[in-house]
file structure37.pdb (PDB, C-alpha atoms)
ATOM      1  CA  VAL A 431     263.261 -67.629  64.853
ATOM      2  CA  GLU A 432     265.144 -70.351  66.637
ATOM      3  CA  ALA A 433     265.332 -73.618  64.694
ATOM      4  CA  SER A 434     265.032 -76.921  66.504
ATOM      5  CA  SER A 435     265.686 -80.406  65.191
ATOM      6  CA  GLY A 436     264.340 -83.789  66.156
ATOM      7  CA  ILE A 437     260.633 -82.892  66.242
ATOM      8  CA  ALA A 438     259.740 -85.311  63.447
ATOM      9  CA  ALA A 439     262.786 -86.910  61.869
ATOM     10  CA  GLY A 440     262.205 -88.178  58.338
ATOM     11  CA  ARG A 441     258.961 -86.234  57.931
ATOM     12  CA  THR A 442     258.238 -83.374  55.508
ATOM     13  CA  HIS A 443     255.624 -80.777  54.551
ATOM     14  CA  PRO A 444     254.264 -79.786  57.984
ATOM     15  CA  SER A 445     250.792 -78.336  58.413
ATOM     16  CA  ILE A 446     249.856 -76.949  61.825
ATOM     17  CA  VAL A 447     246.428 -76.349  63.365
ATOM     18  CA  VAL A 448     246.372 -74.532  66.727
ATOM     19  CA  GLU A 449     243.354 -75.056  68.991
ATOM     20  CA  GLY A 450     243.755 -73.265  72.292
ATOM     21  CA  GLU A 451     246.573 -75.073  74.112
ATOM     22  CA  ARG A 452     246.608 -78.009  71.645
ATOM     23  CA  VAL A 453     248.804 -78.015  68.530
ATOM     24  CA  ARG A 454     247.968 -80.518  65.778
ATOM     25  CA  LEU A 455     250.784 -81.345  63.370
ATOM     26  CA  TYR A 456     250.147 -83.120  60.042
ATOM     27  CA  LEU A 457     253.217 -84.525  58.240
ATOM     28  CA  SER A 458     254.163 -86.526  55.173
ATOM     29  CA  THR A 459     256.126 -89.764  55.544
ATOM     30  CA  GLY A 460     256.773 -89.744  51.788
ATOM     31  CA  THR A 461     253.850 -92.069  51.045
ATOM     32  CA  THR A 462     251.256 -91.451  53.777
ATOM     33  CA  LEU A 463     250.079 -88.630  56.001
ATOM     34  CA  VAL A 464     250.373 -88.793  59.767
ATOM     35  CA  HIS A 465     249.121 -86.712  62.689
ATOM     36  CA  THR A 466     250.633 -85.952  66.068
ATOM     37  CA  GLU A 467     249.598 -83.569  68.836
ATOM     38  CA  ALA A 468     251.274 -81.483  71.497
ATOM     39  CA  THR A 469     250.486 -78.816  73.989
ATOM     40  CA  ARG A 470     251.927 -75.367  73.453
ATOM     41  CA  ALA A 471     255.126 -76.740  75.053
ATOM     42  CA  LEU A 472     255.546 -78.658  71.757
ATOM     43  CA  ALA A 473     256.252 -82.064  73.254
ATOM     44  CA  PHE A 474     254.673 -84.110  70.445
ATOM     45  CA  GLY A 475     253.248 -87.569  71.062
ATOM     46  CA  ALA A 476     252.977 -90.703  68.945
ATOM     47  CA  GLU A 477     251.980 -90.431  65.285
ATOM     48  CA  THR A 478     248.666 -91.651  63.897
ATOM     49  CA  GLU A 479     248.175 -92.321  60.194
ATOM     50  CA  VAL A 480     245.368 -90.112  58.851
ATOM     51  CA  LEU A 481     245.420 -90.813  55.106
ATOM     52  CA  ALA A 482     247.193 -93.498  53.064
ATOM     53  CA  PRO A 483     247.352 -94.288  49.343
ATOM     54  CA  ASP A 484     244.193 -95.896  47.972
ATOM     55  CA  PRO A 485     245.129 -98.795  45.689
ATOM     56  CA  GLU A 486     241.633 -99.616  44.409
ATOM     57  CA  CYS A 487     238.895 -97.330  43.075
ATOM     58  CA  PHE A 488     235.830 -97.899  40.951
ATOM     59  CA  ASP A 489     234.935 -96.206  37.677
ATOM     60  CA  THR A 490     231.420 -94.929  36.883
ATOM     61  CA  SER A 491     230.328 -98.410  35.752
ATOM     62  CA  GLY A 492     231.550-100.023  38.983
ATOM     63  CA  GLU A 493     234.675-101.597  37.458
ATOM     64  CA  VAL A 494     237.875-101.657  39.532
ATOM     65  CA  GLU A 495     240.588 -99.231  38.418
ATOM     66  CA  THR A 496     243.817 -97.845  39.873
ATOM     67  CA  CYS A 497     243.142 -94.810  42.037
ATOM     68  CA  TRP A 498     244.678 -91.457  41.170
ATOM     69  CA  ASP A 499     246.370 -91.508  44.619
ATOM     70  CA  ALA A 500     247.479 -95.164  44.613
ATOM     71  CA  ASP A 501     251.227 -94.617  45.131
ATOM     72  CA  ALA A 502     251.719 -91.690  47.506
ATOM     73  CA  ILE A 503     249.951 -88.918  49.367
ATOM     74  CA  THR A 504     252.130 -85.973  50.292
ATOM     75  CA  GLU A 505     252.129 -82.257  50.966
ATOM     76  CA  ALA A 506     248.901 -81.900  52.910
ATOM     77  CA  GLU A 507     247.583 -78.726  54.418
ATOM     78  CA  VAL A 508     244.870 -78.885  57.067
ATOM     79  CA  ARG A 509     242.656 -75.988  58.128
ATOM     80  CA  ARG A 510     240.018 -75.961  60.824
ATOM     81  CA  ALA A 511     236.604 -74.669  59.750
ATOM     82  CA  ARG A 512     233.053 -74.535  61.103
ATOM     83  CA  THR A 513     230.018 -76.052  59.446
ATOM     84  CA  ALA A 514     226.769 -74.112  59.128
ATOM     85  CA  THR A 515     225.610 -75.831  62.343
ATOM     86  CA  GLY A 516     228.746 -74.769  64.228
ATOM     87  CA  GLN A 517     230.493 -78.158  64.207
ATOM     88  CA  THR A 518     234.286 -78.220  63.804
ATOM     89  CA  LEU A 519     235.459 -79.591  60.462
ATOM     90  CA  TYR A 520     239.065 -80.187  59.421
ATOM     91  CA  ARG A 521     239.549 -79.502  55.684
ATOM     92  CA  MET A 522     242.585 -81.115  54.055
ATOM     93  CA  PHE A 523     243.985 -80.444  50.606
ATOM     94  CA  TYR A 524     246.800 -82.755  49.599
ATOM     95  CA  ALA A 525     249.028 -83.723  46.680
ATOM     96  CA  ALA A 526     249.036 -87.350  45.527
ATOM     97  CA  HIS A 527     249.902 -89.524  42.556
ATOM     98  CA  ASP A 528     249.652 -93.001  41.072
ATOM     99  CA  GLY A 529     253.169 -93.003  39.656
ATOM    100  CA  GLY A 530     252.391 -90.303  37.091
ATOM    101  CA  SER A 531     251.583 -86.632  37.479
ATOM    102  CA  THR A 532     250.815 -85.241  40.912
ATOM    103  CA  GLU A 533     247.264 -83.938  41.414
ATOM    104  CA  LEU A 534     245.386 -82.348  44.317
ATOM    105  CA  GLY A 535     242.736 -84.013  46.432
ATOM    106  CA  PHE A 536     240.420 -83.025  49.249
ATOM    107  CA  ALA A 537     239.507 -84.860  52.463
ATOM    108  CA  ALA A 538     237.611 -83.822  55.587
ATOM    109  CA  SER A 539     237.338 -84.942  59.202
ATOM    110  CA  TYR A 540     235.171 -84.059  62.179
ATOM    111  CA  ASP A 541     237.809 -85.143  64.714
ATOM    112  CA  GLY A 542     241.041 -84.154  62.932
ATOM    113  CA  VAL A 543     242.246 -87.757  62.675
ATOM    114  CA  ALA A 544     239.723 -89.884  60.713
ATOM    115  CA  PHE A 545     239.722 -88.226  57.272
ATOM    116  CA  SER A 546     237.331 -89.155  54.456
ATOM    117  CA  ARG A 547     238.220 -88.521  50.835
ATOM    118  CA  TYR A 548     235.990 -86.337  48.691
ATOM    119  CA  ALA A 549     234.032 -88.542  46.287
ATOM    120  CA  TYR A 550     235.002 -86.459  43.249
ATOM    121  CA  ASN A 551     238.780 -86.435  43.778
ATOM    122  CA  PRO A 552     241.068 -85.274  42.366
ATOM    123  CA  VAL A 553     239.774 -81.723  42.752
ATOM    124  CA  VAL A 554     242.625 -80.209  40.720
ATOM    125  CA  THR A 555     244.049 -82.101  37.798
ATOM    126  CA  GLY A 556     245.837 -80.976  34.700
ATOM    127  CA  SER A 557     248.777 -81.474  32.424
ATOM    128  CA  GLY A 558     251.251 -80.317  35.053
ATOM    129  CA  ASN A 559     252.304 -81.484  38.466
ATOM    130  CA  GLU A 560     250.116 -79.793  41.072
ATOM    131  CA  ARG A 561     251.828 -79.624  44.460
ATOM    132  CA  SER A 562     251.954 -77.781  47.798
ATOM    133  CA  PRO A 563     248.298 -76.781  48.214
ATOM    134  CA  THR A 564     247.305 -74.049  50.644
ATOM    135  CA  SER A 565     243.741 -72.954  51.330
ATOM    136  CA  VAL A 566     242.130 -70.075  53.204
ATOM    137  CA  LEU A 567     238.623 -68.687  53.704
ATOM    138  CA  ALA A 568     238.565 -65.004  52.728
ATOM    139  CA  ALA A 569     235.323 -62.984  52.655
ATOM    140  CA  GLU A 570     233.108 -66.108  52.406
ATOM    141  CA  THR A 571     235.145 -67.519  49.502
ATOM    142  CA  TYR A 572     237.638 -70.365  49.795
ATOM    143  CA  LEU A 573     240.876 -69.612  47.961
ATOM    144  CA  LEU A 574     243.129 -72.486  46.971
ATOM    145  CA  LEU A 575     246.702 -71.816  45.891
ATOM    146  CA  TRP A 576     249.141 -74.409  44.631
ATOM    147  CA  ASP A 577     252.427 -74.799  42.809
ATOM    148  CA  GLU A 578     252.131 -76.131  39.286
ATOM    149  CA  SER A 579     255.081 -77.202  37.165
ATOM    150  CA  ARG A 580     254.738 -78.157  33.532
ATOM    151  CA  ASN A 581     256.823 -79.183  30.568
ATOM    152  CA  PRO A 582     258.415 -77.105  29.255
ATOM    153  CA  PRO A 583     259.476 -75.643  32.601
ATOM    154  CA  SER A 584     258.822 -72.087  31.396
ATOM    155  CA  PHE A 585     255.144 -72.645  32.248
ATOM    156  CA  GLY A 586     253.697 -73.003  35.695
ATOM    157  CA  GLY A 587     254.137 -71.235  39.002
ATOM    158  CA  ILE A 588     251.609 -70.437  41.709
ATOM    159  CA  VAL A 589     248.002 -70.983  40.602
ATOM    160  CA  ARG A 590     244.773 -69.849  42.294
ATOM    161  CA  ALA A 591     241.209 -71.188  42.308
ATOM    162  CA  GLU A 592     238.098 -69.932  44.107
ATOM    163  CA  HIS A 593     235.131 -71.756  45.553
ATOM    164  CA  VAL A 594     232.157 -69.473  46.006
ATOM    165  CA  PRO A 595     229.481 -70.208  48.645
ATOM    166  CA  SER A 596     226.780 -70.781  46.010
ATOM    167  CA  ALA A 597     228.710 -73.667  44.421
ATOM    168  CA  PRO A 598     227.218 -77.081  45.280
ATOM    169  CA  SER A 599     230.479 -78.858  46.114
ATOM    170  CA  ASP A 600     234.155 -78.554  46.946
ATOM    171  CA  ARG A 601     235.105 -79.147  43.308
ATOM    172  CA  TRP A 602     237.386 -76.322  42.152
TER     173      TRP A 602
END

call {"tool": "encode", "arguments": {"input": "structure37.pdb", "output": "structure tokens"}}
result
Amino acid sequence: VEASSGIAAGRTHPSIVVEGERVRLYLSTGTTLVHTEATRALAFGAETEVLAPDPECFDTSGEVETCWDADAITEAEVRRARTATGQTLYRMFYAAHDGGSTELGFAASYDGVAFSRYAYNPVVTGSGNERSPTSVLAAETYLLLWDESRNPPSFGGIVRAEHVPSAPSDRW
């Protein structure tokens, strides 16, 4: 593998989706997620923000509260999928936080740029810091893997969750 620099200076946690001759690249700025595209020649164009922190959410009674992803969204992974009707859907799992522990969220897009958050985010939450999500469809079951660190540091590691087709939502 030949390494190249200068593709996206100051960006981290790349996620790539290849569609024929088009390459979609999703990156973290440290607080938001951006998208850029290239042909197979890998001459990437301008970035477009696809998901930013959400400062204001509402609790079940309609009262304003701080969102779980109010400070930063990082470490996204995007996978292209097909709906039951054959429409392309971009599924994004991402790590985010509100200044405390990092949790995992889900968002989806029909065009790969305008992502909508899942209403029941975060989809993975716990006493640790959940980071670096990766998802794959294997034998009709979505598998989600992520890195989880806890205190004390002797706990944690790579964790797995499954979403079976009969489940009514993307909640893991």

call {"tool": "residues_around", "arguments": {"input": "structure37.pdb", "residues": "A:Leu455", "least_positions_apart": "2", "cutoff": "12 Å", "atoms": "only C-alpha atoms", "output": "number ranges by chain"}}
result
A: 437-438, 441-449, 452-453, 457-458, 463-470, 472-480, 506-509, 542-543

call {"tool": "resolve_selection", "arguments": {"input": "structure37.pdb", "expression": "the PyMOL selection byres ((chain A and resi 561) around 9)", "output": "PyMOL selection string"}}
result
chain A and resi 504-505+524-526+532-534+559-560+562-563+576-579

call {"tool": "resolve_selection", "arguments": {"input": "structure37.pdb", "expression": "the PyMOL selection byres ((chain A and resi 482) around 7)", "output": "ChimeraX atom specification"}}
result
/A:462-463,480-481,483-484,503

call {"tool": "residues_around", "arguments": {"input": "structure37.pdb", "residues": "A:Ala511", "least_positions_apart": "3", "cutoff": "7 Å", "atoms": "only C-alpha atoms", "output": "list in words"}}
result
Thr518, Leu519, Tyr520 and Arg521 of chain A

call {"tool": "write_last_selection", "arguments": {"input": "structure37.pdb", "atoms": "C-alpha atoms", "output": "PDB file, in the coordinates of the input"}}
result
ATOM      1  CA  THR A 518     234.286 -78.220  63.804  1.00  0.00           C
ATOM      2  CA  LEU A 519     235.459 -79.591  60.462  1.00  0.00           C
ATOM      3  CA  TYR A 520     239.065 -80.187  59.421  1.00  0.00           C
ATOM      4  CA  ARG A 521     239.549 -79.502  55.684  1.00  0.00           C
TER       5      ARG A 521
END

call {"tool": "atom_distance", "arguments": {"input": "structure37.pdb", "atom1": "atom CA of A:His527", "atom2": "atom CA of A:Tyr548"}}
result
15.5 Å

call {"tool": "resolve_selection", "arguments": {"input": "structure37.pdb", "expression": "the PyMOL selection byres ((chain A and resi 486-491) around 12)", "output": "PyMOL selection string"}}
result
chain A and resi 482-485+492-501+528+547+549-551

call {"tool": "residues_around", "arguments": {"input": "structure37.pdb", "residues": "A:Ala591", "least_positions_apart": "5", "cutoff": "12 Å", "atoms": "all atoms listed in the file", "output": "PyMOL selection string"}}
result
chain A and resi 553-554+563-567+571-577+600-602

call {"tool": "atom_distance", "arguments": {"input": "structure37.pdb", "atom1": "atom CA of A:Thr459", "atom2": "atom CA of A:Gly440"}}
result
6.9 Å

call {"tool": "atom_distance", "arguments": {"input": "structure37.pdb", "atom1": "atom CA of A:Ser539", "atom2": "atom CA of A:Arg510"}}
result
9.5 Å
